[in-house]
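*Asks:* What follows is a single structure, and I will ask about it in a moment.
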Amino acid sequence: MRRATTAAASLAVAAAFAAAGEQPAGSELFVRPDKGDCLACHRLPEGAGPATRADLGPRLDGERMRGLGRERLRALLVDPMQANPETLMPPFGRHHLLEAGEIQRIVDYLLALPAAAAAAAEDPVLPQPEDSATAVAAVVEAGRKLWSAKFKDGRSLASCFPNAGRRVAARYPQYDTRLKRLITLEMAVNQCRKSHGQASYEPADAATMGAIVAYVRSLSNGEKVSVRVPAAAQDRYEQGKRLYFTRLGQRNFACASCHIKGAGRFYGDALLSTAAGQAARSPFIREGTAVTLQARMRECLALMGAAPFPAGSEELNAIEYFLTYLSNGVVIKANAPRPAQP
């Protein structure tokens with residue numbers, strides 16, 4: 001879906017300049033997610049290309065670009081942190097997202113942009129999930145069946161948890177003092193299966209583990225997140241916090257870049273949620289699939305140009321612990337529908 005949208009964006013940019021009789025060579029690099037992907041953070045002048053809600057960076061007004069000049073634009077693309085160490089803009093040249101010739105082509109493209117209209121265009125209408133209630137119900141029902149399915153010894157996942165799982169999700173992840181490690185809900189599910197002679201589910205498998213998490217989290221809807229950080233778990237919490245604020249990958253983003261510094265703004269057409277409260281809204285349902293908190297983290301790491309930590313890894317468990325603690329006191333509203341990814 002992302003590649004298809006990017007191809008459409010490239011054509012739209014090309015069409016805008018074709019109408020004027022010229023097409024700067026940098027237009028394709030400008031929209032490619034493996035290169036500039038500039039539309040993720042910037043809006044173009046009306047009529048110059050695809051309309052998005054992106055506002056992490058300033059609007060790319062042609063008059064302003066020409067005011068900055070060729071050398072300043074080139075320097076900002078090579079390493080914007082030289083001008084502003086706190087910038088969210090990736091260091092395209094320093095991290096080799098763009099080669100010198102490609103940077104020059106994007107500079108040509110920016111200098112050829114038209115001036116922005118005095119009045120900003122209306123925000124585009126965002127896509128809405130279709131038949132969302134049916135999709136959510138199907139995922140939750142699939143999870144319920146797996147949760148109540150009998151093992152060979154006659155027990156089930158439901159028998160491993162207090163109140164058959166009702167209201168328990170609000171207290172995960174939790175620190176196990178006997179094992180001296182964090183236990184996520186997914187880990188607790190697999191511990192139950194293992195103790196009854198069953199094979200573990202893959203933490204990243206949306207059809208099994210994702211559906212189970214969606215169902216169990218639904219049993220805590222309306223409950224407030226209540227995760228404890230005892231002294232023995234403080235180092236895990238600090239590890240998660242440190243990772244959340246660490247810039248990673250070719251695009252030099254941290255989780256905090258978008259969800260603390262950029263919270264409430266748009267990355268492309270996606271509204272960036274605040275860190276506090278994210279865990280209370282997990283998982284969400286997209287295209288008939290449950291996307292857990294860790295699954296979304298892995299998607300974000302890939303967008304950052306970083307190799308995602310494995311599902312269920314100590315790193316993701318620690319980030320989940322930190323994020324969930326930030327959501328303490330927030331009411332759980334699991335399984336909200338989301339539109340397909342662009």
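Letters A, B, ... mark the chains of the structure tokens in the order given; residue numbers begin at 1 per chain; ligand numbers begin at 1, in order shown.
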Please identify which residues in range 74-302 of chain A DSSP calls helix (DSSP H, G or I) from the backbone, and express them as a PyMOL selection string.

*Replies:* chain A and resi 74-78+80-82+100-111+132-148+157-160+162-165+169-171+185-195+206-218+231-245+255-261+279-281+293-302

*Asks:* List as a PyMOL selection string the protein and nucleic acid residues near Gly222 in chain A, meaning an atom at most 8 Å away when only C-alpha atoms are counted, but skip any in the same chain fewer than 5 places from it.

*Replies:* chain A and resi 331-333

*Asks:* As an exercise, work out the distance from CA of Leu77 in chain A to CA of Ile103 in chain A in Å and give it to one decimal place.

*Replies:*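 That distance, rounded to one decimal, is 6.8 Å.
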
*Asks:* Looking at A:Gly240, A:Val168, A:Ala149, A:Tyr175, which one is nearest to Arg193 in chain A, with distances taken over only C-alpha atoms?

*Replies:*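 The shortest atom-to-atom distance to Arg193 in chain A comes from A:Ala149.
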
*Asks:* Can you tell me, as a list in words, which residues in range 65-306 of chain A count as strand (DSSP E) by DSSP?

*Replies:*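 Put together, the selection reads Gln174, Tyr175, Asp176, Arg181, Leu182, Ile183, Phe266, Tyr267, Ala270, Leu271, Phe284, Ile285, Arg286, Thr289, Ala290 and Val291 of chain A.
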
*Asks:* Quick one: of A:Ile260, A:Val139, A:Ala204, A:Ala311, who's nearest to Ala334 in chain A, counting only C-alpha atoms?

*Replies:*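 The answer is A:Val139, which sits nearest to Ala334 in chain A.
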